[in-house]
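Below is structure_1.tsv, holding TSV, C-alpha atoms.
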chain	number	residue	atom	x	y	z
A	82	MET	CA	13.11	9.33	-19.00
A	83	GLU	CA	10.14	8.16	-21.05
A	84	LEU	CA	9.26	4.55	-21.80
A	85	LYS	CA	10.22	3.24	-25.23
A	86	LEU	CA	7.01	1.68	-26.45
A	87	THR	CA	6.01	-0.13	-29.62
A	88	ARG	CA	2.43	-0.51	-28.37
A	89	PRO	CA	0.40	1.00	-25.51
A	90	ILE	CA	0.95	-0.16	-21.96
A	91	CYS	CA	-1.65	-0.02	-19.19
A	92	PHE	CA	-0.54	0.46	-15.61
A	93	PHE	CA	-3.39	-0.66	-13.39
A	94	ASP	CA	-4.25	-1.28	-9.77
A	95	LEU	CA	-7.13	-3.06	-8.06
A	96	GLU	CA	-8.72	-2.63	-4.67
A	97	THR	CA	-10.65	-5.77	-3.79
A	98	THR	CA	-12.74	-7.57	-1.19
A	99	GLY	CA	-9.74	-9.75	-0.27
A	100	ILE	CA	-6.73	-11.62	-1.62
A	101	ASP	CA	-8.31	-14.86	-2.89
A	102	VAL	CA	-7.95	-14.64	-6.68
A	103	ALA	CA	-10.73	-17.15	-7.37
A	104	ARG	CA	-13.29	-15.87	-4.86
A	105	ASP	CA	-12.73	-12.19	-4.18
A	106	ARG	CA	-14.03	-9.30	-6.27
A	107	ILE	CA	-12.89	-5.87	-7.45
A	108	VAL	CA	-14.22	-2.79	-5.62
A	109	GLU	CA	-12.08	-0.22	-7.44
A	110	ILE	CA	-9.98	-0.31	-10.59
A	111	SER	CA	-7.74	2.40	-11.97
A	112	ILE	CA	-6.03	2.21	-15.36
A	113	PHE	CA	-3.30	4.57	-16.53
A	114	LYS	CA	-2.63	4.07	-20.24
A	115	VAL	CA	0.54	5.29	-21.94
A	116	TYR	CA	0.80	5.37	-25.74
A	117	PRO	CA	3.97	5.09	-27.86
A	118	ASN	CA	3.57	8.73	-28.93
A	119	GLY	CA	3.63	9.84	-25.27
A	120	ASN	CA	-0.10	10.47	-24.93
A	121	LYS	CA	-1.68	9.31	-21.69
A	122	GLU	CA	-5.18	8.65	-20.41
A	123	SER	CA	-6.50	7.55	-17.04
A	124	LYS	CA	-9.77	6.09	-15.84
A	125	THR	CA	-10.90	4.99	-12.38
A	126	TRP	CA	-14.07	3.13	-11.52
A	127	LEU	CA	-15.67	2.17	-8.22
A	128	VAL	CA	-17.28	-1.25	-8.51
A	129	ASN	CA	-20.13	-2.96	-6.71
A	130	PRO	CA	-18.59	-6.36	-5.92
A	131	THR	CA	-22.02	-7.95	-5.25
A	132	ILE	CA	-20.56	-9.53	-2.11
A	133	PRO	CA	-19.85	-7.94	1.31
A	134	ILE	CA	-16.55	-6.15	1.83
A	135	PRO	CA	-14.99	-7.47	5.06
A	136	PRO	CA	-14.30	-4.80	7.71
A	137	GLN	CA	-10.61	-5.73	7.84
A	138	THR	CA	-10.36	-5.08	4.10
A	139	THR	CA	-12.20	-1.77	4.36
A	140	ALA	CA	-9.66	-0.80	7.03
A	141	VAL	CA	-6.94	-1.08	4.37
A	142	HIS	CA	-8.47	0.76	1.40
A	143	GLY	CA	-11.34	2.67	3.01
A	144	ILE	CA	-14.03	1.41	0.63
A	145	THR	CA	-17.26	0.35	2.34
A	146	ASP	CA	-20.33	-1.55	1.18
A	147	GLU	CA	-22.28	1.71	1.34
A	148	LYS	CA	-19.76	3.54	-0.86
A	149	VAL	CA	-20.18	1.07	-3.73
A	150	ALA	CA	-23.84	0.11	-3.24
A	151	ASN	CA	-25.01	2.21	-6.20
A	152	GLU	CA	-21.96	1.67	-8.40
A	153	PRO	CA	-21.99	-0.60	-11.48
A	154	THR	CA	-20.96	-4.24	-11.17
A	155	PHE	CA	-17.79	-5.40	-12.87
A	156	LYS	CA	-19.85	-7.22	-15.50
A	157	GLU	CA	-21.49	-3.90	-16.37
A	158	LEU	CA	-18.06	-2.23	-16.61
A	159	SER	CA	-16.25	-5.11	-18.30
A	160	GLY	CA	-16.73	-3.76	-21.84
A	161	GLN	CA	-15.16	-0.40	-20.94
A	162	VAL	CA	-12.30	-2.02	-19.04
A	163	TYR	CA	-11.50	-4.47	-21.82
A	164	ALA	CA	-11.73	-1.78	-24.49
A	165	MET	CA	-9.01	0.14	-22.65
A	166	ILE	CA	-6.57	-2.76	-22.23
A	167	LYS	CA	-7.23	-4.99	-25.27
A	168	ASP	CA	-4.46	-3.46	-27.42
A	169	SER	CA	-1.98	-3.04	-24.57
A	170	ASP	CA	0.74	-4.66	-22.53
A	171	LEU	CA	0.07	-4.58	-18.79
A	172	ALA	CA	2.05	-3.29	-15.82
A	173	GLY	CA	1.51	-2.93	-12.11
A	174	TYR	CA	2.87	-3.48	-8.65
A	175	ASN	CA	2.67	-7.17	-7.67
A	176	SER	CA	0.47	-7.43	-10.75
A	177	ASP	CA	1.78	-10.76	-12.03
A	178	ARG	CA	0.82	-12.54	-8.82
A	179	PHE	CA	-2.37	-10.70	-7.91
A	180	ASP	CA	-3.86	-7.93	-10.06
A	181	ILE	CA	-3.63	-9.66	-13.46
A	182	PRO	CA	-4.90	-13.04	-12.19
A	183	LEU	CA	-7.83	-11.41	-10.39
A	184	LEU	CA	-8.66	-9.16	-13.35
A	185	ALA	CA	-8.62	-12.21	-15.60
A	186	GLU	CA	-11.08	-13.98	-13.31
A	187	GLU	CA	-13.44	-11.01	-13.32
A	188	LEU	CA	-13.28	-10.68	-17.12
A	189	LEU	CA	-13.87	-14.39	-17.70
A	190	ARG	CA	-16.73	-14.29	-15.18
A	191	ALA	CA	-18.19	-11.45	-17.27
A	192	GLU	CA	-17.79	-13.66	-20.37
A	193	VAL	CA	-14.95	-11.59	-21.83
A	194	ASP	CA	-12.41	-13.98	-23.40
A	195	PHE	CA	-9.25	-12.47	-21.89
A	196	ASP	CA	-5.77	-13.98	-22.13
A	197	MET	CA	-2.12	-12.88	-22.24
A	198	LYS	CA	-1.13	-14.58	-25.50
A	199	ASN	CA	-0.42	-11.45	-27.50
A	200	ARG	CA	0.78	-9.19	-24.71
A	201	VAL	CA	3.47	-9.06	-22.02
A	202	SER	CA	3.43	-7.80	-18.45
A	203	VAL	CA	5.91	-5.84	-16.37
A	204	ASP	CA	5.75	-6.23	-12.60
A	205	VAL	CA	7.39	-3.15	-11.10
A	206	GLN	CA	7.46	-4.79	-7.67
A	207	THR	CA	9.70	-7.55	-8.99
A	208	ILE	CA	12.23	-5.03	-10.33
A	209	PHE	CA	12.14	-3.30	-6.96
A	210	HIS	CA	12.50	-6.52	-4.96
A	211	LYS	CA	15.32	-7.77	-7.16
A	212	LYS	CA	17.13	-4.47	-6.79
A	213	GLU	CA	16.16	-3.09	-3.36
A	214	GLU	CA	13.45	-5.20	-1.62
A	215	ARG	CA	11.00	-2.59	-0.31
A	216	THR	CA	7.25	-1.76	-0.24
A	217	LEU	CA	5.45	0.52	-2.73
A	218	SER	CA	5.55	3.53	-0.40
A	219	ALA	CA	9.25	2.98	0.26
A	220	ALA	CA	9.86	2.49	-3.46
A	221	TYR	CA	8.23	5.83	-4.21
A	222	LYS	CA	10.33	7.51	-1.55
A	223	PHE	CA	13.52	5.73	-2.65
A	224	TYR	CA	13.22	6.24	-6.41
A	225	CYS	CA	11.20	9.47	-6.65
A	226	ASN	CA	12.08	11.11	-3.33
A	227	GLN	CA	8.40	11.73	-2.65
A	228	SER	CA	5.95	10.52	-0.01
A	229	LEU	CA	3.06	8.46	-1.34
A	230	GLU	CA	-0.10	10.28	-0.31
A	231	ASN	CA	-3.35	8.27	-0.24
A	232	ALA	CA	-1.61	4.89	-0.33
A	233	HIS	CA	-4.10	2.11	-1.14
A	234	SER	CA	-6.04	4.50	-3.33
A	235	ALA	CA	-5.98	2.75	-6.72
A	236	GLU	CA	-5.35	6.00	-8.63
A	237	ALA	CA	-2.47	7.10	-6.38
A	238	ASP	CA	-0.91	3.63	-6.51
A	239	THR	CA	-1.05	3.39	-10.32
A	240	ASN	CA	0.52	6.81	-10.90
A	241	ALA	CA	3.23	6.06	-8.33
A	242	THR	CA	3.97	2.74	-10.05
A	243	TYR	CA	4.37	4.47	-13.42
A	244	GLU	CA	6.75	7.07	-11.95
A	245	ILE	CA	8.75	4.36	-10.14
A	246	LEU	CA	9.31	2.35	-13.33
A	247	LYS	CA	10.66	5.40	-15.14
A	248	ALA	CA	12.95	6.17	-12.19
A	249	GLN	CA	14.14	2.55	-12.12
A	250	LEU	CA	15.16	2.81	-15.77
A	251	GLU	CA	17.09	5.99	-14.96
A	252	ARG	CA	18.85	4.38	-12.00
A	253	TYR	CA	19.75	0.92	-13.35
A	254	GLN	CA	21.81	1.15	-16.51
A	255	ASP	CA	21.56	-2.60	-17.04
A	256	LEU	CA	17.77	-2.41	-17.37
A	257	GLU	CA	16.73	-2.00	-21.01
A	258	ASN	CA	13.98	0.51	-21.79
A	259	ASP	CA	12.10	-2.19	-23.63
A	260	ILE	CA	8.76	-3.56	-22.43
A	261	LYS	CA	9.38	-7.13	-23.65
A	262	LEU	CA	12.77	-7.30	-21.90
A	263	LEU	CA	11.31	-5.75	-18.74
A	264	SER	CA	8.60	-8.38	-18.83
A	265	GLU	CA	11.23	-11.12	-19.04
A	266	PHE	CA	13.14	-9.55	-16.14
A	267	THR	CA	10.04	-9.42	-13.94
A	268	THR	CA	8.79	-12.92	-14.72
A	269	ARG	CA	9.37	-15.10	-11.66
A	270	LYS	CA	8.68	-18.51	-13.18
A	271	LYS	CA	7.43	-20.10	-16.37
A	272	ALA	CA	3.80	-20.37	-15.31
A	273	VAL	CA	1.22	-21.12	-17.97
A	274	ASP	CA	-1.75	-19.98	-15.92
A	275	PHE	CA	-1.70	-16.92	-13.67
A	276	ALA	CA	-2.16	-18.86	-10.45
A	277	GLY	CA	0.84	-21.12	-11.10
A	278	PHE	CA	-0.97	-24.46	-11.05
A	279	ILE	CA	0.50	-25.23	-14.49
A	280	ALA	CA	4.09	-24.48	-15.48
A	281	LEU	CA	6.52	-25.32	-18.28
A	282	ASN	CA	9.30	-27.84	-17.77
A	283	ASP	CA	12.75	-27.39	-19.28
A	284	LYS	CA	11.43	-28.82	-22.57
A	285	GLY	CA	8.61	-26.28	-22.76
A	286	GLN	CA	5.91	-28.85	-21.92
A	287	GLU	CA	3.00	-28.10	-19.57
A	288	ILE	CA	3.22	-29.82	-16.18
A	289	PHE	CA	1.16	-29.74	-13.00
A	290	THR	CA	2.78	-27.99	-10.04
A	291	PHE	CA	0.50	-29.36	-7.31
A	292	GLY	CA	-1.17	-32.45	-5.91
A	293	LYS	CA	-0.63	-36.09	-6.68
A	294	HIS	CA	0.40	-35.33	-10.29
A	295	LYS	CA	2.94	-32.64	-9.40
A	296	GLY	CA	5.66	-32.61	-12.07
A	297	ALA	CA	3.67	-34.80	-14.47
A	298	LEU	CA	2.82	-33.74	-18.02
A	299	VAL	CA	-0.72	-32.40	-18.23
A	300	GLU	CA	-1.39	-34.26	-21.48
A	301	ASP	CA	-0.20	-37.57	-19.97
A	302	VAL	CA	-2.41	-37.14	-16.88
A	303	PHE	CA	-5.50	-36.39	-18.97
A	304	GLU	CA	-4.83	-39.44	-21.14
A	305	LYS	CA	-4.20	-41.85	-18.23
A	306	GLU	CA	-6.80	-40.38	-15.87
A	307	PRO	CA	-9.54	-38.66	-17.93
A	308	GLY	CA	-11.61	-37.93	-14.83
A	309	TYR	CA	-8.94	-35.60	-13.45
A	310	PHE	CA	-9.88	-32.93	-15.99
A	311	GLY	CA	-13.53	-33.11	-14.94
A	312	TRP	CA	-12.58	-32.92	-11.27
A	313	ILE	CA	-10.58	-29.73	-11.84
A	314	GLN	CA	-13.38	-28.15	-13.88
A	315	ASN	CA	-15.86	-28.78	-11.07
A	316	ALA	CA	-13.49	-27.81	-8.25
A	317	ASP	CA	-12.70	-24.34	-6.90
A	318	PHE	CA	-9.84	-23.53	-9.28
A	319	PRO	CA	-9.47	-20.12	-10.99
A	320	LEU	CA	-11.42	-19.76	-14.24
A	321	TYR	CA	-8.24	-18.92	-16.13
A	322	THR	CA	-6.61	-22.16	-14.97
A	323	LYS	CA	-9.64	-24.08	-16.23
A	324	LYS	CA	-9.48	-22.19	-19.53
A	325	VAL	CA	-5.81	-23.11	-20.02
A	326	LEU	CA	-6.42	-26.78	-19.20
A	327	THR	CA	-9.37	-26.88	-21.59
A	328	ALA	CA	-7.15	-25.52	-24.37
A	329	ILE	CA	-4.51	-28.20	-23.65
A	330	LYS	CA	-7.16	-30.94	-23.70
A	331	LEU	CA	-8.65	-29.68	-26.98
A	332	ARG	CA	-5.19	-29.40	-28.53
A	333	LYS	CA	-4.50	-33.03	-27.65
A	334	LEU	CA	-7.85	-34.15	-29.08
A	335	ASN	CA	-7.19	-32.25	-32.31
A	336	THR	CA	-3.80	-33.91	-32.79
A	337	LYS	CA	-5.49	-37.31	-32.58
A	338	ASN	CA	-7.95	-36.47	-35.38
Do you think you could lay out the structure here as structure tokens?
Amino acid sequence: MELKLTRPICFFDLETTGIDVARDRIVEISIFKVYPNGNKESKTWLVNPTIPIPPQTTAVHGITDEKVANEPTFKELSGQVYAMIKDSDLAGYNSDRFDIPLLAEELLRAEVDFDMKNRVSVDVQTIFHKKEERTLSAAYKFYCNQSLENAHSAEADTNATYEILKAQLERYQDLENDIKLLSEFTTRKKAVDFAGFIALNDKGQEIFTFGKHKGALVEDVFEKEPGYFGWIQNADFPLYTKKVLTAIKLRKLNTKN
């Protein structure tokens, strides 16, 4: 079973300083790129996060401050990372909820204008949870009948994720070997930003999903309470959320002109 691709797809995995998308940083990134013609390439980078790696996090992935002290920062690597993914769809394990949002934050922090407008994502974990509800190691054992050596190594995790997706397509006849349809199957909700602070209502309009304006149209809130936009921009929200809200505000201003 090989993936039917109309454009490249990048399977990727991050090891980080923690699980806070807005505050934590990447310490290792591995990208496994598959092309429509079947060609493949893989790159893995250790990253100096510029902040301390907590001991409890090191206990999970084994990466210490000392190990990355002389490695490049993500900003220094951002050009290489973006060059590898810019023409591709994205895939990973729990990637829609964690890896893609955190990667987006790092790219925007490095002043790379990243978004998902012209690409889709496939979250292999969602397929697994909808079908079997297990962990990555169990998924690898279940679908590929192999033990996952070096779990929490970004390179091992990405290759396992790629193999699992192919095995899932073999196993489930109702799953189409089509990246766009797989993306739709793995999408949990109609979020506009990665973090889920903004979603689409049943009319396709952007609404807030939190706080005092939960359920309200973003455009209506900005019109009735202009200071709310400024508060969000100055608060500790993800950069991608701020980027999306800025685009909505500019769109509204342009329709008035």
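Going from CA of Ala276 in chain A to CA of Leu250 in chain A covers 28.2 Å.
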* Hey, can you check how far CA of Asp180 in chain A sits from CA of Gly292 in chain A? -> 25.0 Å
Around all the atoms of range 241-246 of chain A listed in the file, with 3 Å of room on each side, what axis-aligned box do you get, giving centre and edge lengths in Å to one decimal, as lines of an AutoDock Vina configuration file?
center_x = 6.3
center_y = 4.7
center_z = -10.9
size_x = 12.1
size_y = 10.7
size_z = 11.1
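Nearest to Thr125 in chain A of all the residues A:Ala235, A:Ala219, A:Ile288, A:Val273 is A:Ala235, counting only C-alpha atoms.
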Could you give me, as a Markdown table, a per-residue list for range 131-241 of chain A showing, wherever an atom lies at most 6 Å from an atom of range 257-267 of chain A, the closest pair of atoms and their distance in Å to one decimal, using all atoms listed in the file and sorting by chain then residue number from low to high?
| residue | atom | partner | partner_atom | distance |
| --- | --- | --- | --- | --- |
| A:Ser202 | CA | A:Ser264 | CA | 5.2 |
| A:Val203 | CA | A:Ser264 | CA | 4.4 |
| A:Asp204 | CA | A:Thr267 | CA | 5.5 |
| A:Thr207 | CA | A:Thr267 | CA | 5.3 |
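Counting all atoms listed in the file, the residue from A:Lys305, A:Phe179, A:Tyr174, A:Glu192 that sits nearest to His210 in chain A is A:Tyr174.
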* For CA of Trp126 in chain A and CA of Asp196 in chain A, determine how far apart the two atoms are, in Å to one decimal place. => 21.8 Å
